[in-house]
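Novice: Got a structure here, written out as structure tokens. Questions coming.
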Protein chains: 2
Amino acid sequence: MANVDLDKIISLCKRRGFLFQGSEQYGGLQGTWDYGPMGVELKNNVKRAWWRRMVYERDDMEGLDCAIMMNRLVLKYSGHEDTFSDPLVDCRKCKKRFRADHVDPNEKCQEGGVHDFTEPRPFNLMFKTTVGPIADDNNIAYLRPETAQGIFINFKNVLDSTNRKLPFGIAQIGKAYRNEITPKNFIFRVREFEQMEIEYFVKPGADDQAHEKWVSDRFNWYTSLGIKPANLKLYPQKKEELAHYAKATTDILYRFFPDREDETRQFDEVEGVANRTDFDLTCHSKGGKLVLKGGVEIPNEHAINKLNYFDHIDNKHIVPYVIEPSAGVDRTTLAFLMDSYFEEQVKDETRVVLRLHPELSPIKVAVLPLKKNHDGIVNIAKEIKGTLQKSCGWRSVYDDTAGIGKLYRRQDEIGTPFCITVDFTTLEDKTVTVRDRDTMTQERVAIADLPTYLSKRLGNC
Amino acid sequence: MANVDLDKIISLCKRRGFLFQGSEQYGGLQGTWDYGPMGVELKNNVKRAWWRRMVYERDDMEGLDCAIMMNRLVLKYSGHEDTFSDPLVDCRKCKKRFRADHVDPNEKCQEGGVHDFTEPRPFNLMFKTTVGPIADDNNIAYLRPETAQGIFINFKNVLDSTNRKLPFGIAQIGKAYRNEITPKNFIFRVREFEQMEIEYFVKPGADDQAHEKWVSDRFNWYTSLGIKPANLKLYPQKKEELAHYAKATTDILYRFFPDREDETRQFDEVEGVANRTDFDLTCHSKGGKLVLKGGVEIPNEHAINKLNYFDHIDNKHIVPYVIEPSAGVDRTTLAFLMDSYFEEQVKDETRVVLRLHPELSPIKVAVLPLKKNHDGIVNIAKEIKGTLQKSCGWRSVYDDTAGIGKLYRRQDEIGTPFCITVDFTTLEDKTVTVRDRDTMTQERVAIADLPTYLSKRLGNC
């Protein structure tokens, strides 16, 4: 079980500077969030941990970082212009709009009685703008609704500038935008969000096995960073649930809603791992075509290159199949927050502690002076902070803005694995107290031994 | 002198996977660029080096990461709705639009003769979209034209969730958008770009000194990462050039255009360091006002909080002054590329080498097998790659896709400081060849000594 419901996380996030409502000073902009001083570190650590494992520690990956604003033709031939929509209804009485599949037909209308809904019609979720000095239809561009399309259209660029042979993947982290009709549940469903996506290209025929492997690799990534397996679930989509171009999709679900009674409703998607076959490379290829649901075909009249691959073994051009593990950065961050949140009784008080994996903790070490007006103590504390930060590379802070008990509590709440306290004994024997976040035990360690002592526990995180 | 003109950099960037034109597969989207496998690493390293020095290694900074899409009121009260525009002219003959201050009145028109321009009129540079299911004027939102505004409107949120006392700063890295009429010069003037901005809050009266200090801190950041001082210039803006709200601004210029004859025209802005006084916190405050150029005042009727600071020493509320060092990530990346680019004669060949600071190099170590079909050699090479990457944390790659000479050349072109070659001698005595990018000297080093050997030269980068 997750230990906490969303409300407690939201409160912690505001109090400790993880997340604030976007444009809050002006009443907000629904579906946008600002990451505060602790939030930006946590989110960056999540992204870095993903990039490290998915790109650096493998030998079959390249990275990419494409522009968010895209030529509308990209989203035409990807199928988004035609099909990336939610069904929308209007109430004839109150004139409000709702997502047809999310609204209860018996819901009360503010004008009295229940809503009087129109028939549902499709509402495209892409944000549109115009580029250049003339604001007309010829100059429309979209904010990408997913990072994936940037990878597909750069397939040839990556091939030409590297020496990749199949199988290999391209990874990208970046923002994407969806004009959700009803953003909700904190950073779970938002309009501006961030994705971590991989497109992994394989020979047709090798796709099923690669798909299976990616599902397990991605599942293990979450647990290796501390998510409890009991709070995760694999959900292989049923044939009738699959997007029409997908051969198979397995969702990775996290228990985002532990307070819901029905256990299956407690879980929702944190990542999807899809086998998209050769759908995307075909639809973006010169001479290729986009096949819509229902079979309508749109021949590609605008693409410049053929997006294929010369197979030196079989001596022919092929269109690779692609496996796509696609995770939401914000949802992943939320999962790590929820999974690490604990409340504990310590004597008469309730201690809130984030038992984050050290690699994800916004701050690795807090150096605290027992007395803030004592030059000797303060100088040593600042020196330790400087050394741990500059020489060892661990994110360290110096804090003297409260008493030691309050400072410990603050660091517990943001998930700092270690607190180092400099006290009067330090002045005599050059040792400090190292306090462990999880056990709250304190150990006396020589200042000179700190790098080794912490290195064993923090690694190169 | 910089060593290279833009054309050579553009060619290297495409060839080696640093940068591709945005939406290139569909003819591009002007003013957008995609960072390729090497580009994403270089850009991320630039951002990380900035964050490390500006946030982690100081004790007076907090980070932030705000949404790109903002409530239009933020940009109304910041002054951008009224004044963030360039003068635009239309040619009555060819119907094209130009930026009035960039176009030569004697320029030829494609319809014959010279252009016949209209009077200039202001063209707002912000990208606009609508949010939510109804696309009307009430639902307009802007893509932020700078990251700075997110910092100002979160001033109170940061104060409340940390324990900061003046002076302190807030740092942010993120995308921003400007609908430039004529994007040009590669990634120098683009429509989608990334910024690294700091707003540093001080007591009024302490602002001049803080401004001076920031100018020198920021100048030193560039040189500490290898930019030659001769290619940088400080340009204190003249009184008549200052934005009306700025008390002083010093631009940091880089020699982006070394092939221009007039030396002063070789330099252009990579960063600006402005003293913005209390302008921004005042215009976004409940009960505050925006003062436009010319003196028109717009009282703030929408903001929720007063953005001020309680000074415990003088026991009163004050509105801090702010110093803003604002750098462009893309321009900074371009400066590092240009400054590190060298062509050298090596025997009969021209060697292209990027002498990047190791902290910025996309790859720190390339491990190369002398023979790709020899299991013993290949296994050792892959093992070394794994160890250097996982245990030491240095971005390492294994590459066997060409002969050793070609592999060296490739790594030189992307700025890899060290190449390790595994050969037949390795099998006998467990040593490898370490080749230095800059000197091209090769040293025989025991595999077991590699972490120490490289650590001295790479540090924790």
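To be explicit about the labels: the chains of the structure tokens are called A, B, and onward in the order shown, and within each one the residues are counted from 1, while ligands get numbers from 1 in the order they are shown.
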Please, which residues of range 246-293 of chain B, numbered as in this document, come out helix (DSSP H, G or I) from DSSP, as a short mmCIF file (atom, residue, chain, number, x, y, z; two decimals) with C-alpha atoms, in the first residue's frame?

Specialist:
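Written output follows (result-v9.cif):
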data_model
loop_
_atom_site.label_atom_id
_atom_site.label_comp_id
_atom_site.auth_asym_id
_atom_site.auth_seq_id
_atom_site.Cartn_x
_atom_site.Cartn_y
_atom_site.Cartn_z
CA GLU B 263 35.99 44.26 -35.09
CA THR B 264 33.25 45.77 -32.92
CA ARG B 265 30.65 44.13 -35.16
CA GLN B 266 32.24 40.73 -34.53
CA PHE B 279 10.37 47.31 -11.09
CA ASP B 280 9.23 43.68 -11.40
CA LEU B 281 8.20 42.93 -7.84
CA THR B 282 6.24 46.20 -7.84
CA CYS B 283 4.39 45.59 -11.08
#

Novice: For chain A against chain B, which residues fall within 7 Å using only C-alpha atoms, given as a short mmCIF file (atom, residue, chain, number, x, y, z; two decimals) with all heavy atoms, in the first residue's frame?

Specialist:
data_model
loop_
_atom_site.label_atom_id
_atom_site.label_comp_id
_atom_site.auth_asym_id
_atom_site.auth_seq_id
_atom_site.Cartn_x
_atom_site.Cartn_y
_atom_site.Cartn_z
N ARG A 15 4.27 23.38 1.22
CA ARG A 15 4.98 23.81 2.43
C ARG A 15 6.49 23.76 2.25
O ARG A 15 7.21 24.66 2.66
CB ARG A 15 4.56 22.88 3.57
CG ARG A 15 5.10 23.20 4.93
CD ARG A 15 4.38 22.40 6.02
NE ARG A 15 4.81 21.00 6.13
CZ ARG A 15 4.08 19.93 5.82
NH1 ARG A 15 2.86 20.09 5.34
NH2 ARG A 15 4.56 18.72 5.99
N ARG A 16 6.97 22.73 1.60
CA ARG A 16 8.42 22.53 1.50
C ARG A 16 9.00 22.92 0.16
O ARG A 16 10.17 22.64 -0.14
CB ARG A 16 8.75 21.06 1.81
CG ARG A 16 8.65 20.70 3.27
CD ARG A 16 9.67 21.47 4.10
NE ARG A 16 9.48 21.29 5.52
CZ ARG A 16 9.71 22.25 6.42
NH1 ARG A 16 10.13 23.45 6.04
NH2 ARG A 16 9.53 22.02 7.70
N GLY A 17 8.17 23.54 -0.68
CA GLY A 17 8.72 24.06 -1.93
C GLY A 17 8.98 23.03 -3.00
O GLY A 17 9.94 23.14 -3.77
N GLY A 22 0.75 26.79 -11.13
CA GLY A 22 1.28 27.68 -12.17
C GLY A 22 0.52 29.00 -12.20
O GLY A 22 -0.70 29.01 -12.08
N SER A 23 1.23 30.11 -12.35
CA SER A 23 0.62 31.45 -12.40
C SER A 23 -0.24 31.74 -11.18
O SER A 23 -1.21 32.52 -11.26
CB SER A 23 -0.20 31.66 -13.68
OG SER A 23 0.60 31.52 -14.83
N GLN A 25 -0.01 33.57 -8.63
CA GLN A 25 -0.14 34.98 -8.23
C GLN A 25 -1.31 35.66 -8.95
O GLN A 25 -1.81 36.68 -8.50
CB GLN A 25 1.19 35.70 -8.50
CG GLN A 25 1.20 37.20 -8.31
CD GLN A 25 1.22 37.62 -6.84
OE1 GLN A 25 0.94 36.85 -5.93
NE2 GLN A 25 1.52 38.88 -6.60
N TYR A 26 -1.76 35.08 -10.06
CA TYR A 26 -2.90 35.63 -10.80
C TYR A 26 -4.06 34.66 -10.84
O TYR A 26 -4.81 34.61 -11.81
CB TYR A 26 -2.46 36.05 -12.20
CG TYR A 26 -1.56 37.26 -12.15
CD1 TYR A 26 -0.18 37.12 -12.20
CD2 TYR A 26 -2.09 38.54 -11.99
CE1 TYR A 26 0.66 38.23 -12.11
CE2 TYR A 26 -1.27 39.65 -11.90
CZ TYR A 26 0.10 39.49 -11.96
OH TYR A 26 0.91 40.59 -11.86
N GLY A 28 -3.88 31.45 -11.00
CA GLY A 28 -3.50 30.17 -11.60
C GLY A 28 -3.81 30.07 -13.08
O GLY A 28 -4.52 30.91 -13.65
N LEU A 29 -3.22 29.07 -13.71
CA LEU A 29 -3.58 28.69 -15.08
C LEU A 29 -3.78 27.19 -14.98
O LEU A 29 -2.83 26.43 -14.76
CB LEU A 29 -2.47 29.03 -16.07
CG LEU A 29 -2.76 28.62 -17.52
CD1 LEU A 29 -3.93 29.43 -18.11
CD2 LEU A 29 -1.52 28.79 -18.40
N THR A 32 -1.35 23.68 -15.10
CA THR A 32 0.09 23.99 -15.11
C THR A 32 0.60 24.07 -13.68
O THR A 32 -0.11 24.52 -12.78
CB THR A 32 0.41 25.33 -15.82
OG1 THR A 32 -0.13 26.42 -15.05
CG2 THR A 32 -0.16 25.36 -17.23
N TRP A 33 1.84 23.65 -13.47
CA TRP A 33 2.46 23.64 -12.14
C TRP A 33 3.88 24.14 -12.22
O TRP A 33 4.58 23.89 -13.20
CB TRP A 33 2.44 22.20 -11.57
CG TRP A 33 1.05 21.75 -11.26
CD1 TRP A 33 0.19 21.14 -12.12
CD2 TRP A 33 0.34 21.95 -10.04
NE1 TRP A 33 -1.02 20.92 -11.51
CE2 TRP A 33 -0.95 21.41 -10.23
CE3 TRP A 33 0.66 22.52 -8.81
CZ2 TRP A 33 -1.93 21.43 -9.23
CZ3 TRP A 33 -0.31 22.53 -7.81
CH2 TRP A 33 -1.58 22.00 -8.02
N ASP A 34 4.30 24.83 -11.17
CA ASP A 34 5.68 25.30 -11.08
C ASP A 34 6.42 24.46 -10.04
O ASP A 34 5.94 24.29 -8.92
CB ASP A 34 5.71 26.78 -10.65
CG ASP A 34 5.12 27.70 -11.72
OD1 ASP A 34 4.89 27.23 -12.85
OD2 ASP A 34 4.89 28.89 -11.40
N TYR A 35 7.57 23.96 -10.42
CA TYR A 35 8.39 23.20 -9.49
C TYR A 35 9.25 24.16 -8.66
O TYR A 35 9.99 24.97 -9.22
CB TYR A 35 9.28 22.20 -10.24
CG TYR A 35 8.50 21.00 -10.72
CD1 TYR A 35 7.68 21.07 -11.84
CD2 TYR A 35 8.57 19.78 -10.04
CE1 TYR A 35 6.94 19.97 -12.26
CE2 TYR A 35 7.84 18.67 -10.47
CZ TYR A 35 7.03 18.77 -11.58
OH TYR A 35 6.30 17.69 -11.99
N GLY A 36 9.12 24.07 -7.34
CA GLY A 36 9.85 24.95 -6.43
C GLY A 36 11.27 24.47 -6.19
O GLY A 36 11.74 23.52 -6.84
N PRO A 37 11.99 25.11 -5.25
CA PRO A 37 13.40 24.78 -5.01
C PRO A 37 13.66 23.29 -4.78
O PRO A 37 14.63 22.75 -5.30
CB PRO A 37 13.73 25.60 -3.77
CG PRO A 37 12.82 26.79 -3.85
CD PRO A 37 11.54 26.27 -4.44
N VAL A 40 12.35 21.15 -8.22
CA VAL A 40 13.20 21.15 -9.41
C VAL A 40 14.34 20.15 -9.24
O VAL A 40 14.72 19.45 -10.19
CB VAL A 40 13.72 22.57 -9.74
CG1 VAL A 40 14.53 23.16 -8.61
CG2 VAL A 40 14.56 22.57 -11.00
N TYR A 56 23.18 6.10 -20.68
CA TYR A 56 24.60 5.94 -20.36
C TYR A 56 25.00 4.50 -20.06
O TYR A 56 26.07 4.06 -20.45
CB TYR A 56 24.97 6.80 -19.16
CG TYR A 56 24.91 8.29 -19.41
CD1 TYR A 56 24.92 9.20 -18.35
CD2 TYR A 56 24.86 8.80 -20.70
CE1 TYR A 56 24.88 10.56 -18.57
CE2 TYR A 56 24.81 10.17 -20.93
CZ TYR A 56 24.82 11.05 -19.85
OH TYR A 56 24.77 12.39 -20.07
N GLU A 57 24.20 3.80 -19.28
CA GLU A 57 24.63 2.48 -18.83
C GLU A 57 24.26 1.36 -19.80
O GLU A 57 24.46 0.19 -19.50
CB GLU A 57 24.11 2.22 -17.41
CG GLU A 57 24.70 3.21 -16.41
CD GLU A 57 24.41 2.92 -14.96
OE1 GLU A 57 23.71 1.93 -14.67
OE2 GLU A 57 24.89 3.68 -14.10
N GLU A 62 21.00 6.29 -28.13
CA GLU A 62 21.42 7.66 -28.40
C GLU A 62 20.39 8.61 -27.79
O GLU A 62 19.23 8.22 -27.62
CB GLU A 62 21.49 7.92 -29.91
CG GLU A 62 22.48 7.06 -30.67
CD GLU A 62 23.93 7.46 -30.42
OE1 GLU A 62 24.17 8.53 -29.84
OE2 GLU A 62 24.83 6.69 -30.81
N GLY A 63 20.80 9.82 -27.49
CA GLY A 63 19.86 10.82 -26.96
C GLY A 63 19.47 11.82 -28.03
O GLY A 63 20.07 11.89 -29.09
N LEU A 64 18.45 12.61 -27.73
CA LEU A 64 17.94 13.61 -28.67
C LEU A 64 17.16 14.65 -27.85
O LEU A 64 16.65 14.34 -26.77
CB LEU A 64 17.00 12.90 -29.67
CG LEU A 64 16.67 13.57 -30.99
CD1 LEU A 64 17.91 13.77 -31.84
CD2 LEU A 64 15.65 12.73 -31.78
N ASP A 65 17.11 15.88 -28.36
CA ASP A 65 16.31 16.90 -27.69
C ASP A 65 15.74 17.84 -28.75
O ASP A 65 16.39 18.78 -29.18
CB ASP A 65 17.17 17.67 -26.68
CG ASP A 65 16.36 18.69 -25.90
OD1 ASP A 65 15.12 18.67 -25.98
OD2 ASP A 65 16.97 19.52 -25.20
N CYS A 66 14.51 17.58 -29.14
CA CYS A 66 13.90 18.30 -30.27
C CYS A 66 13.10 19.50 -29.80
O CYS A 66 12.68 19.58 -28.65
CB CYS A 66 12.96 17.38 -31.03
SG CYS A 66 13.77 15.91 -31.63
N ALA A 67 12.85 20.39 -30.75
CA ALA A 67 12.02 21.56 -30.46
C ALA A 67 10.60 21.13 -30.11
O ALA A 67 10.09 20.13 -30.64
CB ALA A 67 12.00 22.49 -31.67
N MET A 70 6.38 22.52 -33.50
CA MET A 70 6.63 21.71 -34.69
C MET A 70 5.79 22.16 -35.88
O MET A 70 4.65 22.62 -35.72
CB MET A 70 6.31 20.23 -34.39
CG MET A 70 7.18 19.64 -33.31
SD MET A 70 6.91 17.84 -33.14
CE MET A 70 8.48 17.25 -33.76
N ASN A 71 6.37 22.00 -37.04
CA ASN A 71 5.68 22.18 -38.30
C ASN A 71 4.38 21.35 -38.28
O ASN A 71 4.40 20.18 -37.90
CB ASN A 71 6.61 21.69 -39.42
CG ASN A 71 6.09 21.99 -40.81
OD1 ASN A 71 4.90 21.78 -41.08
ND2 ASN A 71 6.97 22.48 -41.67
N LEU A 73 2.79 19.88 -40.43
CA LEU A 73 2.80 18.66 -41.26
C LEU A 73 3.25 17.44 -40.46
O LEU A 73 2.81 16.32 -40.72
CB LEU A 73 3.70 18.85 -42.48
CG LEU A 73 3.19 19.85 -43.53
CD1 LEU A 73 4.27 20.13 -44.57
CD2 LEU A 73 1.91 19.33 -44.19
N VAL A 74 4.14 17.66 -39.48
CA VAL A 74 4.56 16.53 -38.64
C VAL A 74 3.34 15.92 -37.96
O VAL A 74 3.17 14.70 -37.93
CB VAL A 74 5.57 16.99 -37.56
CG1 VAL A 74 5.95 15.82 -36.66
CG2 VAL A 74 6.80 17.64 -38.18
N ARG A 97 -18.73 23.32 -21.02
CA ARG A 97 -18.29 22.15 -21.80
C ARG A 97 -17.67 21.10 -20.90
O ARG A 97 -16.98 21.41 -19.93
CB ARG A 97 -17.26 22.58 -22.85
CG ARG A 97 -17.91 23.38 -23.93
CD ARG A 97 -16.97 23.68 -25.05
NE ARG A 97 -17.75 24.28 -26.13
CZ ARG A 97 -17.25 24.81 -27.22
NH1 ARG A 97 -15.94 24.79 -27.42
NH2 ARG A 97 -18.03 25.35 -28.12
N PHE A 127 -2.38 22.13 -28.73
CA PHE A 127 -2.32 23.59 -28.67
C PHE A 127 -1.74 24.11 -29.97
O PHE A 127 -0.74 23.60 -30.47
CB PHE A 127 -1.42 24.04 -27.51
CG PHE A 127 -2.04 23.89 -26.17
CD1 PHE A 127 -1.65 22.85 -25.33
CD2 PHE A 127 -3.00 24.79 -25.73
CE1 PHE A 127 -2.21 22.71 -24.07
CE2 PHE A 127 -3.56 24.66 -24.47
CZ PHE A 127 -3.18 23.61 -23.64
N LYS A 128 -2.37 25.14 -30.46
CA LYS A 128 -2.07 25.70 -31.76
C LYS A 128 -1.53 27.12 -31.57
O LYS A 128 -1.98 27.84 -30.68
CB LYS A 128 -3.42 25.81 -32.49
CG LYS A 128 -3.42 25.67 -33.97
CD LYS A 128 -4.81 26.01 -34.49
CE LYS A 128 -5.69 24.78 -34.67
NZ LYS A 128 -6.96 25.09 -35.36
N THR A 129 -0.60 27.51 -32.40
CA THR A 129 -0.21 28.92 -32.43
C THR A 129 0.19 29.24 -33.86
O THR A 129 0.15 28.37 -34.72
CB THR A 129 0.93 29.22 -31.43
OG1 THR A 129 1.11 30.63 -31.32
CG2 THR A 129 2.24 28.57 -31.84
N VAL A 131 3.20 31.09 -36.38
CA VAL A 131 4.61 31.42 -36.37
C VAL A 131 4.93 32.40 -37.49
O VAL A 131 4.46 32.22 -38.61
CB VAL A 131 5.44 30.13 -36.57
CG1 VAL A 131 6.92 30.44 -36.73
CG2 VAL A 131 5.23 29.18 -35.40
N GLY A 132 5.70 33.40 -37.17
CA GLY A 132 6.06 34.40 -38.17
C GLY A 132 5.12 35.59 -38.09
O GLY A 132 4.15 35.58 -37.31
N PRO A 133 5.38 36.59 -38.90
CA PRO A 133 4.64 37.86 -38.74
C PRO A 133 3.20 37.83 -39.23
O PRO A 133 2.47 38.77 -38.98
CB PRO A 133 5.49 38.86 -39.53
CG PRO A 133 6.29 38.04 -40.48
CD PRO A 133 6.48 36.70 -39.87
N ILE A 153 10.90 11.62 -36.85
CA ILE A 153 11.30 12.42 -38.03
C ILE A 153 12.81 12.65 -38.08
O ILE A 153 13.34 13.05 -39.11
CB ILE A 153 10.53 13.76 -38.13
CG1 ILE A 153 10.80 14.63 -36.90
CG2 ILE A 153 9.04 13.53 -38.30
CD1 ILE A 153 10.28 16.05 -37.04
N VAL A 158 19.80 10.78 -37.17
CA VAL A 158 20.57 10.05 -36.15
C VAL A 158 21.38 8.94 -36.80
O VAL A 158 22.56 8.76 -36.51
CB VAL A 158 19.64 9.50 -35.05
CG1 VAL A 158 20.41 8.60 -34.09
CG2 VAL A 158 18.99 10.66 -34.28
N SER A 161 24.47 10.43 -38.54
CA SER A 161 25.50 11.08 -37.74
C SER A 161 26.10 10.13 -36.70
O SER A 161 26.99 10.52 -35.95
CB SER A 161 24.92 12.33 -37.06
OG SER A 161 23.86 11.98 -36.20
N ASN A 163 26.84 5.61 -36.00
CA ASN A 163 27.12 4.40 -36.80
C ASN A 163 26.27 3.26 -36.28
O ASN A 163 26.73 2.14 -36.14
CB ASN A 163 28.59 4.06 -36.71
CG ASN A 163 29.42 5.12 -37.37
OD1 ASN A 163 29.59 5.11 -38.57
ND2 ASN A 163 29.88 6.08 -36.59
N ASN A 179 -4.26 19.89 -24.44
CA ASN A 179 -5.30 20.78 -23.93
C ASN A 179 -6.42 19.96 -23.29
O ASN A 179 -7.55 19.93 -23.78
CB ASN A 179 -5.83 21.64 -25.08
CG ASN A 179 -6.64 22.82 -24.59
OD1 ASN A 179 -6.80 23.01 -23.38
ND2 ASN A 179 -7.16 23.59 -25.52
N GLU A 180 -6.11 19.31 -22.19
CA GLU A 180 -7.07 18.47 -21.48
C GLU A 180 -8.31 19.30 -21.11
O GLU A 180 -8.21 20.44 -20.67
CB GLU A 180 -6.46 17.94 -20.17
CG GLU A 180 -5.26 17.05 -20.34
CD GLU A 180 -5.63 15.63 -20.78
OE1 GLU A 180 -6.83 15.30 -20.82
OE2 GLU A 180 -4.69 14.86 -21.09
N ILE A 181 -9.47 18.70 -21.30
CA ILE A 181 -10.71 19.42 -20.98
C ILE A 181 -10.84 19.57 -19.47
O ILE A 181 -11.23 20.62 -18.98
CB ILE A 181 -11.92 18.68 -21.61
CG1 ILE A 181 -11.74 18.66 -23.13
CG2 ILE A 181 -13.22 19.37 -21.23
CD1 ILE A 181 -12.61 17.65 -23.83
N HIS A 302 4.56 15.22 -48.46
CA HIS A 302 5.43 16.32 -48.04
C HIS A 302 6.79 15.89 -47.49
O HIS A 302 7.71 16.70 -47.45
CB HIS A 302 4.72 17.17 -46.98
CG HIS A 302 3.56 17.93 -47.51
ND1 HIS A 302 2.28 17.40 -47.50
CD2 HIS A 302 3.47 19.15 -48.08
CE1 HIS A 302 1.45 18.29 -48.03
NE2 HIS A 302 2.15 19.36 -48.39
N ALA A 303 6.90 14.67 -47.02
CA ALA A 303 8.15 14.28 -46.36
C ALA A 303 9.31 14.27 -47.35
O ALA A 303 9.12 14.06 -48.56
CB ALA A 303 8.00 12.90 -45.73
N ILE A 304 10.50 14.54 -46.86
CA ILE A 304 11.68 14.68 -47.72
C ILE A 304 12.44 13.37 -47.88
O ILE A 304 12.90 13.03 -48.96
CB ILE A 304 12.60 15.79 -47.15
CG1 ILE A 304 11.91 17.15 -47.33
CG2 ILE A 304 13.96 15.77 -47.83
CD1 ILE A 304 12.63 18.28 -46.68
N ASN A 305 12.57 12.63 -46.79
CA ASN A 305 13.37 11.40 -46.83
C ASN A 305 12.53 10.15 -46.64
O ASN A 305 11.46 10.19 -46.03
CB ASN A 305 14.41 11.42 -45.70
CG ASN A 305 15.46 12.50 -45.91
OD1 ASN A 305 16.17 12.49 -46.92
ND2 ASN A 305 15.54 13.43 -44.98
N GLN A 389 30.44 19.34 -1.42
CA GLN A 389 29.83 19.78 -2.67
C GLN A 389 30.86 19.80 -3.79
O GLN A 389 30.66 19.19 -4.84
CB GLN A 389 29.23 21.17 -2.49
CG GLN A 389 28.58 21.72 -3.74
CD GLN A 389 27.31 20.97 -4.10
OE1 GLN A 389 26.38 20.89 -3.32
NE2 GLN A 389 27.28 20.35 -5.28
N LYS A 390 31.96 20.49 -3.57
CA LYS A 390 32.90 20.72 -4.68
C LYS A 390 33.75 19.49 -4.98
O LYS A 390 33.94 19.13 -6.13
CB LYS A 390 33.80 21.92 -4.39
CG LYS A 390 33.05 23.23 -4.55
CD LYS A 390 34.00 24.42 -4.65
CE LYS A 390 33.23 25.69 -4.29
NZ LYS A 390 34.01 26.90 -4.37
N GLY A 393 31.01 16.25 -5.04
CA GLY A 393 29.91 16.40 -6.00
C GLY A 393 28.54 16.06 -5.45
O GLY A 393 27.58 15.97 -6.20
N ARG A 395 25.17 17.07 -3.65
CA ARG A 395 24.39 18.27 -3.35
C ARG A 395 24.30 18.43 -1.83
O ARG A 395 23.66 17.64 -1.12
CB ARG A 395 23.00 18.12 -3.95
CG ARG A 395 22.00 19.19 -3.57
CD ARG A 395 22.39 20.51 -4.16
NE ARG A 395 21.38 21.54 -3.94
CZ ARG A 395 21.68 22.75 -3.50
NH1 ARG A 395 22.92 23.09 -3.21
NH2 ARG A 395 20.72 23.65 -3.37
N THR A 401 19.17 28.22 10.15
CA THR A 401 18.04 29.12 10.36
C THR A 401 17.05 28.63 11.42
O THR A 401 15.96 29.19 11.54
CB THR A 401 17.28 29.36 9.03
OG1 THR A 401 16.86 28.08 8.53
CG2 THR A 401 18.17 30.04 8.02
N ASN A 460 27.99 7.41 -6.37
CA ASN A 460 28.17 8.66 -7.14
C ASN A 460 26.83 9.24 -7.55
O ASN A 460 26.51 9.40 -8.70
CB ASN A 460 29.12 8.49 -8.34
CG ASN A 460 28.70 7.40 -9.31
OD1 ASN A 460 27.51 7.32 -9.65
ND2 ASN A 460 29.62 6.59 -9.75
#

Novice: Using only C-alpha atoms, which of B:Asn231, B:Thr433, B:Thr452, B:Thr223 sits nearest Asp268 in chain B?

Specialist: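 Of B:Asn231, B:Thr433, B:Thr452, B:Thr223, the one nearest Asp268 in chain B is B:Asn231, counting only C-alpha atoms.
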
Novice: For Phe342 in chain A, list every protein, DNA or RNA residue within 9 Å, evaluated using only C-alpha atoms, and leave out those in the same chain fewer than 4 positions away; present the list as a list in words.

Specialist: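 Here the answer would be Asn3, Val4, Met338, Arg351, Val352, Val353, Leu354 and Arg355 of chain A.
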
Novice: Distance CA of Lys239 in chain A-CA of Glu212 in chain A, one decimal place?

Specialist: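 Going from CA of Lys239 in chain A over to CA of Glu212 in chain A covers 16.6 Å.
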
Novice: Between CA of Met196 in chain B and CA of Val367 in chain A, what is the spacing in Å?

Specialist: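 CA of Met196 in chain B lies at a distance of 27.6 Å from CA of Val367 in chain A.
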
Novice: Just want the 10 Å neighbourhood of Leu334 in chain B, counted on only C-alpha atoms, with same-chain residues fewer than 5 positions away dropped. Output as number ranges by chain.

Specialist: B: 6, 9-10, 43, 186-188, 254, 256, 270, 328-329, 339-340

Novice: Using only C-alpha atoms, which residues sit within 8 Å of Tyr200 in chain A once same-chain residues fewer than 6 positions away are excluded, as JSON, numbers by chain?

Specialist: {"A": [167, 168, 169, 170, 322, 323, 324]}

Novice: At what distance in Å, to one decimal, does CA of Ile173 in chain B lie from CA of Lys47 in chain B?

Specialist: 7.5 Å

Novice: So, with only C-alpha atoms as the atoms that count, which of B:Ile404, B:Leu458, B:Leu370, B:Cys91 lies closest to Asp423 in chain B?

Specialist: B:Leu370

Novice: In range 327-411 of chain B, what's strand (DSSP E) per DSSP? Answer as a ChimeraX atom specification?

Specialist: /B:327-328,341-346,349-354,365-369,396-398
